[in-house]
file coords17.tsv (TSV, C-alpha atoms)
chain	number	residue	atom	x	y	z
A	1	MET	CA	41.58	-8.33	7.57
A	2	LYS	CA	44.36	-5.91	6.71
A	3	ALA	CA	44.38	-2.32	7.97
A	4	LEU	CA	45.67	0.16	5.40
A	5	PHE	CA	46.74	3.70	6.30
A	6	ARG	CA	44.99	6.46	4.38
A	7	SER	CA	45.18	10.26	4.59
A	8	GLN	CA	43.74	12.89	2.31
A	9	LEU	CA	46.86	14.97	2.94
A	10	PHE	CA	49.11	12.51	1.12
A	11	THR	CA	48.94	10.74	-2.23
A	12	ASN	CA	50.15	7.52	-0.66
A	13	PRO	CA	51.05	6.29	2.83
A	14	GLU	CA	54.78	6.16	2.04
A	15	GLN	CA	54.84	9.94	1.67
A	16	ALA	CA	53.44	10.40	5.16
A	17	PHE	CA	55.80	7.91	6.74
A	18	ASN	CA	58.84	9.16	4.84
A	19	LEU	CA	58.10	12.67	6.05
A	20	ALA	CA	57.75	11.41	9.60
A	21	ILE	CA	61.11	9.66	9.25
A	22	LYS	CA	62.74	12.88	8.05
A	23	ARG	CA	61.29	14.77	11.01
A	24	GLY	CA	62.28	12.10	13.52
A	25	GLN	CA	58.66	11.31	14.27
A	26	LEU	CA	58.32	7.82	12.84
A	27	TYR	CA	57.51	6.17	16.14
A	28	GLU	CA	54.84	8.72	16.93
A	29	LEU	CA	53.10	8.25	13.57
A	30	ASP	CA	53.50	4.48	13.45
A	31	SER	CA	52.28	3.91	17.00
A	32	ARG	CA	49.33	6.28	16.61
A	33	SER	CA	48.42	4.59	13.33
A	34	LEU	CA	48.49	1.17	14.97
A	35	ARG	CA	46.41	2.28	17.91
A	36	LYS	CA	43.85	4.00	15.70
A	37	ALA	CA	43.56	0.96	13.41
A	38	VAL	CA	42.93	-1.37	16.35
A	39	TYR	CA	40.44	0.94	18.00
A	40	THR	CA	38.59	1.53	14.70
A	41	TYR	CA	38.38	-2.18	14.04
A	42	PHE	CA	37.66	-3.41	17.50
A	43	LYS	CA	34.93	-0.91	18.28
A	44	THR	CA	32.79	-2.86	15.81
A	45	GLY	CA	33.17	-6.04	17.85
A	46	TYR	CA	34.45	-7.78	14.74
A	47	LEU	CA	37.57	-9.12	16.48
A	48	GLU	CA	35.44	-11.13	18.83
A	49	LYS	CA	34.56	-13.36	15.93
A	50	GLY	CA	38.09	-14.73	16.03
A	51	LYS	CA	39.36	-12.91	12.97
A	52	LYS	CA	42.92	-11.62	12.65
A	53	LEU	CA	43.81	-7.97	12.12
A	54	PHE	CA	47.02	-7.38	10.18
A	55	ILE	CA	48.72	-4.03	10.78
A	56	ASN	CA	51.95	-2.68	9.31
A	57	VAL	CA	54.66	-1.72	11.74
A	58	TYR	CA	58.24	-0.56	11.36
A	59	PRO	CA	60.83	-2.76	13.08
A	60	SER	CA	62.22	0.29	14.90
A	61	THR	CA	58.75	0.96	16.33
A	62	VAL	CA	58.70	-2.47	17.95
A	63	LEU	CA	62.07	-1.71	19.53
A	64	ASN	CA	60.91	1.58	21.03
A	65	SER	CA	60.68	1.37	24.82
A	66	ASN	CA	57.16	2.83	24.69
A	67	PHE	CA	55.81	0.14	22.37
A	68	ILE	CA	55.11	-2.67	24.86
A	69	PRO	CA	53.32	-0.24	27.23
A	70	LEU	CA	51.24	0.87	24.21
A	71	ILE	CA	50.32	-2.74	23.46
A	72	ASP	CA	49.43	-3.22	27.14
A	73	THR	CA	47.09	-0.22	26.93
A	74	VAL	CA	45.46	-1.54	23.75
A	75	ILE	CA	44.93	-4.98	25.26
A	76	ASP	CA	43.59	-3.50	28.50
A	77	ARG	CA	40.97	-1.65	26.49
A	78	PHE	CA	40.17	-4.51	24.11
A	79	PRO	CA	41.26	-7.79	25.78
A	80	ALA	CA	40.32	-10.01	22.83
A	81	SER	CA	42.65	-8.02	20.59
A	82	SER	CA	45.66	-9.78	22.10
A	83	GLN	CA	44.89	-12.94	20.16
A	84	SER	CA	43.91	-11.07	17.01
A	85	ILE	CA	46.63	-8.58	16.16
A	86	ILE	CA	49.23	-9.63	13.61
A	87	LEU	CA	52.09	-7.16	13.27
A	88	GLU	CA	53.46	-6.98	9.72
A	89	PHE	CA	57.06	-5.86	9.63
A	90	VAL	CA	57.36	-3.44	6.72
A	91	GLU	CA	60.13	-4.26	4.29
A	92	ASN	CA	61.51	-0.78	3.70
A	93	GLU	CA	63.35	-0.48	6.99
A	94	LYS	CA	66.41	-2.66	7.37
A	95	ILE	CA	66.66	-4.73	10.54
A	96	ARG	CA	70.10	-3.96	11.97
A	97	ASP	CA	70.07	-6.33	14.91
A	98	PHE	CA	68.04	-9.52	14.57
A	99	ASP	CA	68.71	-10.58	18.17
A	100	GLU	CA	67.17	-7.36	19.39
A	101	ILE	CA	64.11	-7.77	17.18
A	102	GLU	CA	63.77	-11.43	18.12
A	103	ASN	CA	63.68	-10.49	21.81
A	104	ALA	CA	60.96	-7.94	21.10
A	105	VAL	CA	59.00	-10.48	19.05
A	106	ARG	CA	59.27	-12.99	21.89
A	107	GLU	CA	57.88	-10.44	24.32
A	108	LEU	CA	55.04	-9.48	21.99
A	109	LYS	CA	54.15	-13.12	21.49
A	110	LYS	CA	53.82	-13.47	25.26
A	111	HIS	CA	51.13	-10.81	24.88
A	112	GLY	CA	49.42	-13.04	22.29
A	113	LEU	CA	50.33	-11.05	19.19
A	114	GLY	CA	51.34	-12.69	15.93
A	115	MET	CA	54.04	-11.65	13.44
A	116	ALA	CA	54.15	-11.42	9.66
A	117	ILE	CA	56.82	-10.59	7.13
A	118	ASP	CA	55.29	-8.14	4.67
A	119	ASP	CA	55.86	-7.81	0.93
A	120	PHE	CA	58.30	-10.71	0.64
A	121	VAL	CA	60.68	-10.34	-1.44
A	122	LYS	CA	60.74	-6.56	-1.80
A	123	GLY	CA	62.89	-5.99	1.26
A	124	ILE	CA	66.65	-6.20	1.22
A	125	ASP	CA	66.80	-8.50	4.24
A	126	ASP	CA	63.69	-10.61	3.61
A	127	ILE	CA	65.53	-13.90	3.38
A	128	ASN	CA	67.18	-13.20	6.73
A	129	ARG	CA	63.79	-12.33	8.20
A	130	THR	CA	62.22	-15.64	7.17
A	131	ILE	CA	65.11	-17.50	8.75
A	132	GLU	CA	65.86	-15.41	11.84
A	133	LEU	CA	62.42	-14.26	12.97
A	134	ASP	CA	59.78	-16.43	14.57
A	135	ALA	CA	57.12	-15.18	12.18
A	136	ASP	CA	53.69	-16.71	11.86
A	137	TYR	CA	52.95	-15.47	8.35
A	138	ILE	CA	54.84	-14.61	5.19
A	139	LYS	CA	53.05	-12.27	2.82
A	140	LEU	CA	54.21	-12.70	-0.74
A	141	ASP	CA	54.48	-9.44	-2.63
A	142	ARG	CA	52.16	-8.83	-5.59
A	143	TYR	CA	55.21	-9.22	-7.82
A	144	PHE	CA	54.57	-12.97	-7.64
A	145	THR	CA	50.92	-12.63	-8.63
A	146	SER	CA	51.59	-10.55	-11.72
A	147	SER	CA	51.61	-12.96	-14.69
A	148	LEU	CA	52.01	-15.87	-12.31
A	149	PHE	CA	49.88	-18.02	-14.65
A	150	ALA	CA	52.48	-17.65	-17.40
A	151	SER	CA	55.74	-17.76	-15.47
A	152	LYS	CA	57.27	-21.16	-14.73
A	153	ARG	CA	59.91	-19.50	-12.59
A	154	LYS	CA	57.43	-17.66	-10.42
A	155	GLN	CA	55.30	-20.79	-10.05
A	156	ALA	CA	58.33	-22.84	-9.06
A	157	TYR	CA	59.38	-20.21	-6.52
A	158	VAL	CA	55.88	-20.03	-5.02
A	159	LYS	CA	55.72	-23.83	-4.80
A	160	PHE	CA	59.04	-23.83	-2.98
A	161	LEU	CA	57.75	-21.25	-0.51
A	162	VAL	CA	54.54	-23.22	0.03
A	163	GLN	CA	56.67	-26.23	0.91
A	164	TYR	CA	59.02	-24.16	3.09
A	165	CYS	CA	56.12	-22.63	5.00
A	166	SER	CA	54.46	-26.00	5.45
A	167	GLN	CA	57.66	-27.48	6.87
A	168	PHE	CA	58.07	-24.69	9.42
A	169	LYS	CA	54.37	-24.18	10.16
A	170	LEU	CA	54.24	-20.72	8.64
A	171	LYS	CA	51.14	-19.44	6.90
A	172	LEU	CA	51.68	-18.08	3.41
A	173	ILE	CA	49.56	-15.24	2.07
A	174	LEU	CA	49.68	-14.19	-1.58
A	175	GLU	CA	49.00	-10.51	-2.19
A	176	GLY	CA	47.67	-8.74	-5.25
A	177	LEU	CA	45.08	-11.18	-6.62
A	178	GLU	CA	43.07	-9.13	-9.09
A	179	THR	CA	41.22	-11.66	-11.23
A	180	ALA	CA	39.38	-14.96	-10.93
A	181	ARG	CA	42.27	-16.53	-12.83
A	182	ASP	CA	44.68	-15.33	-10.12
A	183	ILE	CA	42.53	-17.14	-7.56
A	184	ASP	CA	42.63	-20.36	-9.58
A	185	VAL	CA	46.37	-20.16	-10.08
A	186	ALA	CA	46.97	-19.49	-6.39
A	187	ARG	CA	44.85	-22.49	-5.43
A	188	SER	CA	46.62	-24.72	-7.93
A	189	LEU	CA	49.96	-23.82	-6.37
A	190	GLY	CA	48.76	-24.68	-2.87
A	191	ILE	CA	48.30	-21.13	-1.58
A	192	GLN	CA	45.77	-21.12	1.24
A	193	TYR	CA	45.47	-17.43	2.08
A	194	ALA	CA	45.26	-14.48	-0.27
A	195	GLN	CA	44.55	-10.78	-0.50
A	196	GLY	CA	43.64	-8.62	-3.46
A	197	PHE	CA	40.96	-6.77	-5.37
A	198	ALA	CA	39.50	-10.07	-6.63
A	199	LEU	CA	38.73	-10.95	-3.03
A	200	GLY	CA	37.82	-7.53	-1.66
A	201	LYS	CA	38.90	-3.93	-2.13
A	202	PRO	CA	40.24	-1.75	0.67
A	203	GLU	CA	37.29	0.16	2.05
A	204	PRO	CA	36.14	1.94	5.18
A	205	LEU	CA	35.12	-0.66	7.72
A	206	ALA	CA	31.50	0.47	7.70
A	207	LEU	CA	31.21	-0.59	4.07
A	208	ILE	CA	32.67	-4.04	4.69
A	209	LEU	CA	30.94	-5.26	7.84
B	1	MET	CA	56.56	22.33	7.55
B	2	CYS	CA	57.82	20.69	10.73
B	3	THR	CA	54.88	22.06	12.70
B	4	LYS	CA	52.53	20.98	9.94
B	5	VAL	CA	53.79	17.39	10.15
B	6	SER	CA	53.62	17.41	13.92
B	7	ASN	CA	50.03	18.60	13.81
B	8	PHE	CA	49.11	16.00	11.21
B	9	ILE	CA	50.42	13.28	13.50
B	10	LYS	CA	49.18	14.76	16.76
B	11	ASN	CA	45.70	15.35	15.38
B	12	GLU	CA	45.73	11.96	13.68
B	13	VAL	CA	44.59	13.31	10.32
B	14	PHE	CA	44.42	9.83	8.90
B	15	GLU	CA	42.15	6.84	8.91
B	16	HIS	CA	42.31	3.20	7.87
B	17	HIS	CA	40.67	1.25	5.16
B	18	PHE	CA	40.37	-2.47	5.56
B	19	GLN	CA	40.88	-5.27	3.07
B	20	SER	CA	39.92	-8.90	3.50
B	21	ILE	CA	42.47	-11.68	3.71
B	22	VAL	CA	40.66	-14.75	2.44
B	23	ASP	CA	41.06	-18.48	3.01
B	24	LEU	CA	41.04	-19.94	-0.51
B	25	THR	CA	40.12	-23.37	0.82
B	26	ASP	CA	36.72	-21.87	1.58
B	27	HIS	CA	34.78	-23.16	-1.40
B	28	THR	CA	32.48	-20.16	-1.44
B	29	VAL	CA	35.45	-18.16	-2.81
B	30	LYS	CA	35.01	-18.24	-6.57
B	31	GLY	CA	37.67	-18.45	-9.23
B	32	HIS	CA	37.01	-19.59	-12.80
B	33	GLU	CA	34.19	-22.04	-13.43
B	34	SER	CA	36.62	-24.67	-14.68
B	35	ALA	CA	39.39	-25.63	-12.30
B	36	LEU	CA	42.87	-25.41	-13.77
B	37	SER	CA	45.48	-28.06	-13.24
B	38	LEU	CA	48.99	-26.88	-12.57
B	39	PRO	CA	50.61	-28.14	-15.79
B	40	ALA	CA	47.99	-26.22	-17.75
B	41	LEU	CA	49.24	-23.02	-16.17
B	42	TYR	CA	52.57	-23.22	-17.88
B	43	LYS	CA	52.56	-21.34	-21.13
B	44	SER	CA	56.24	-21.94	-21.82

call {"tool": "encode", "arguments": {"input": "coords17.tsv", "output": "structure tokens"}}
result
Amino acid sequence: MKALFRSQLFTNPEQAFNLAIKRGQLYELDSRSLRKAVYTYFKTGYLEKGKKLFINVYPSTVLNSNFIPLIDTVIDRFPASSQSIILEFVENEKIRDFDEIENAVRELKKHGLGMAIDDFVKGIDDINRTIELDADYIKLDRYFTSSLFASKRKQAYVKFLVQYCSQFKLKLILEGLETARDIDVARSLGIQYAQGFALGKPEPLALIL
Amino acid sequence: MCTKVSNFIKNEVFEHHFQSIVDLTDHTVKGHESALSLPALYKS
């Protein structure tokens, strides 16, 4: 399950986060968003069924000295969440120091959390991320899904990534599946995990569970 | 504006929607009725 930020005050989540960045309040928004997503989800007891909860996070948030204590608080409240939370590094913030991030990832993994690279290949340092970070998942941007059935180049690239992920025990998730044909194409290329309107729309949790 | 943003964050005037991530090897997940083979995907 993927948690998606929504606010009636903004047309899209990027507006809210960009404003927070301009005001120097990114960490506060990002950390509050994460905490609220986990609490919303876990209060239902759904995490106890062994499902994963994917949540976007900015790399700089993970590096904030208050982040690990926040994760400790979340896990104290919902112990099973430690094996369920997958942090998705958003692509629109460049990672300046991979060693620093890798240390933070190592620490978070000790807490049981998993890591994902979001919206591959929209980010400017995505290739570096797949090589340098000990991620558990790579989420392929919807760019790959669009007209995937007709594009030899996209199919070849996806097949390469399927092979790459298999070799390094990464799980590959294809985003943006909107039709039954997209599902068939994804399967044919060896994609195991997928996300998109064809498989379920983003909705309030009460409407899903 | 600054205060407005601070209040938006502090009061957590946001929520989350949730979207499934699905295992396609689960055969209850439906695609087309006829399975496509990879070569058939290529249109040129």

call {"tool": "atom_distance", "arguments": {"input": "coords17.tsv", "atom1": "atom CA of A:Arg32", "atom2": "atom CA of B:Glu12"}}
result
7.3 Å

call {"tool": "closest_atom_pairs", "arguments": {"input": "coords17.tsv", "of": "stretch 36-118 of chain A", "to": "stretch 189-204 of chain A", "cutoff": "12 Å", "atoms": "only C-alpha atoms", "output": "Markdown table"}}
result
| residue | atom | partner | partner_atom | distance |
| --- | --- | --- | --- | --- |
| A:Ala37 | CA | A:Pro204 | CA | 11.1 |
| A:Thr40 | CA | A:Pro204 | CA | 9.8 |
| A:Tyr41 | CA | A:Pro204 | CA | 10.0 |
| A:Phe54 | CA | A:Gln195 | CA | 11.5 |

call {"tool": "write_last_selection", "arguments": {"input": "coords17.tsv", "atoms": "C-alpha atoms", "output": "short mmCIF file (atom, residue, chain, number, x, y, z; two decimals), keeping the file's coordinate frame"}}
result
data_model
loop_
_atom_site.label_atom_id
_atom_site.label_comp_id
_atom_site.auth_asym_id
_atom_site.auth_seq_id
_atom_site.Cartn_x
_atom_site.Cartn_y
_atom_site.Cartn_z
CA ALA A 37 43.56 0.96 13.41
CA THR A 40 38.59 1.53 14.70
CA TYR A 41 38.38 -2.18 14.04
CA PHE A 54 47.02 -7.38 10.18
#

call {"tool": "closest_residue", "arguments": {"input": "coords17.tsv", "among": "A:Thr73, A:Ser7, A:Asn66, A:Thr130", "to": "chain B", "atoms": "all atoms listed in the file"}}
result
A:Ser7

call {"tool": "atom_distance", "arguments": {"input": "coords17.tsv", "atom1": "atom CA of A:Asn12", "atom2": "atom CA of A:Ile86"}}
result
22.3 Å

call {"tool": "residues_around", "arguments": {"input": "coords17.tsv", "residues": "A:Lys109", "least_positions_apart": "6", "cutoff": "12 Å", "atoms": "all atoms listed in the file", "output": "PyMOL selection string"}}
result
chain A and resi 68+71+82-87+102-103+115-116+133-136

call {"tool": "residues_near_point", "arguments": {"input": "coords17.tsv", "point": "(68.8, -4.9, 3.3)", "cutoff": "9 Å", "atoms": "all atoms listed in the file", "output": "PyMOL selection string"}}
result
chain A and resi 91-96+123-126

call {"tool": "residues_around", "arguments": {"input": "coords17.tsv", "residues": "B:Phe14", "least_positions_apart": "5", "cutoff": "12 Å", "atoms": "only C-alpha atoms", "output": "PDB file with C-alpha atoms, in the frame of the given file"}}
result
ATOM      1  CA  LEU A   4      45.670   0.160   5.400  1.00  0.00           C
ATOM      2  CA  PHE A   5      46.740   3.700   6.300  1.00  0.00           C
ATOM      3  CA  ARG A   6      44.990   6.460   4.380  1.00  0.00           C
ATOM      4  CA  SER A   7      45.180  10.260   4.590  1.00  0.00           C
ATOM      5  CA  GLN A   8      43.740  12.890   2.310  1.00  0.00           C
ATOM      6  CA  LEU A   9      46.860  14.970   2.940  1.00  0.00           C
ATOM      7  CA  PHE A  10      49.110  12.510   1.120  1.00  0.00           C
ATOM      8  CA  ASN A  12      50.150   7.520  -0.660  1.00  0.00           C
ATOM      9  CA  PRO A  13      51.050   6.290   2.830  1.00  0.00           C
ATOM     10  CA  ALA A  16      53.440  10.400   5.160  1.00  0.00           C
ATOM     11  CA  PHE A  17      55.800   7.910   6.740  1.00  0.00           C
ATOM     12  CA  LEU A  29      53.100   8.250  13.570  1.00  0.00           C
ATOM     13  CA  ASP A  30      53.500   4.480  13.450  1.00  0.00           C
ATOM     14  CA  ARG A  32      49.330   6.280  16.610  1.00  0.00           C
ATOM     15  CA  SER A  33      48.420   4.590  13.330  1.00  0.00           C
ATOM     16  CA  LEU A  34      48.490   1.170  14.970  1.00  0.00           C
ATOM     17  CA  ARG A  35      46.410   2.280  17.910  1.00  0.00           C
ATOM     18  CA  LYS A  36      43.850   4.000  15.700  1.00  0.00           C
ATOM     19  CA  ALA A  37      43.560   0.960  13.410  1.00  0.00           C
ATOM     20  CA  THR A  40      38.590   1.530  14.700  1.00  0.00           C
TER      21      THR A  40
ATOM     22  CA  ASN B   7      50.030  18.600  13.810  1.00  0.00           C
ATOM     23  CA  PHE B   8      49.110  16.000  11.210  1.00  0.00           C
ATOM     24  CA  ILE B   9      50.420  13.280  13.500  1.00  0.00           C
TER      25      ILE B   9
END

call {"tool": "closest_residue", "arguments": {"input": "coords17.tsv", "among": "B:His17, B:Lys4, B:His27, B:Lys10", "to": "chain A", "atoms": "all atoms listed in the file"}}
result
B:His17

call {"tool": "closest_residue", "arguments": {"input": "coords17.tsv", "among": "A:Asn64, A:Gln167, A:Ser81, A:Asn56", "to": "chain B", "atoms": "all atoms listed in the file"}}
result
A:Asn56

call {"tool": "residues_around", "arguments": {"input": "coords17.tsv", "residues": "B:Lys30", "least_positions_apart": "3", "cutoff": "9 Å", "atoms": "only C-alpha atoms", "output": "list in words"}}
result
Ala180, Ile183, Asp184 and Leu199 of chain A; Leu24, His27 and Glu33 of chain B

call {"tool": "closest_residue", "arguments": {"input": "coords17.tsv", "among": "A:Ser166, A:Thr44, A:Ser151, A:Ser146", "to": "chain B", "atoms": "all atoms listed in the file"}}
result
A:Ser151

call {"tool": "closest_residue", "arguments": {"input": "coords17.tsv", "among": "A:Ile127, A:Val158, A:Leu140, A:Leu148", "to": "chain B", "atoms": "all atoms listed in the file"}}
result
A:Leu148

call {"tool": "atom_distance", "arguments": {"input": "coords17.tsv", "atom1": "atom CA of A:His111", "atom2": "atom CA of A:Asp99"}}
result
18.8 Å

call {"tool": "closest_residue", "arguments": {"input": "coords17.tsv", "among": "A:Leu113, A:Ala150, A:Val105, A:Cys165", "to": "chain B", "atoms": "only C-alpha atoms"}}
result
A:Ala150
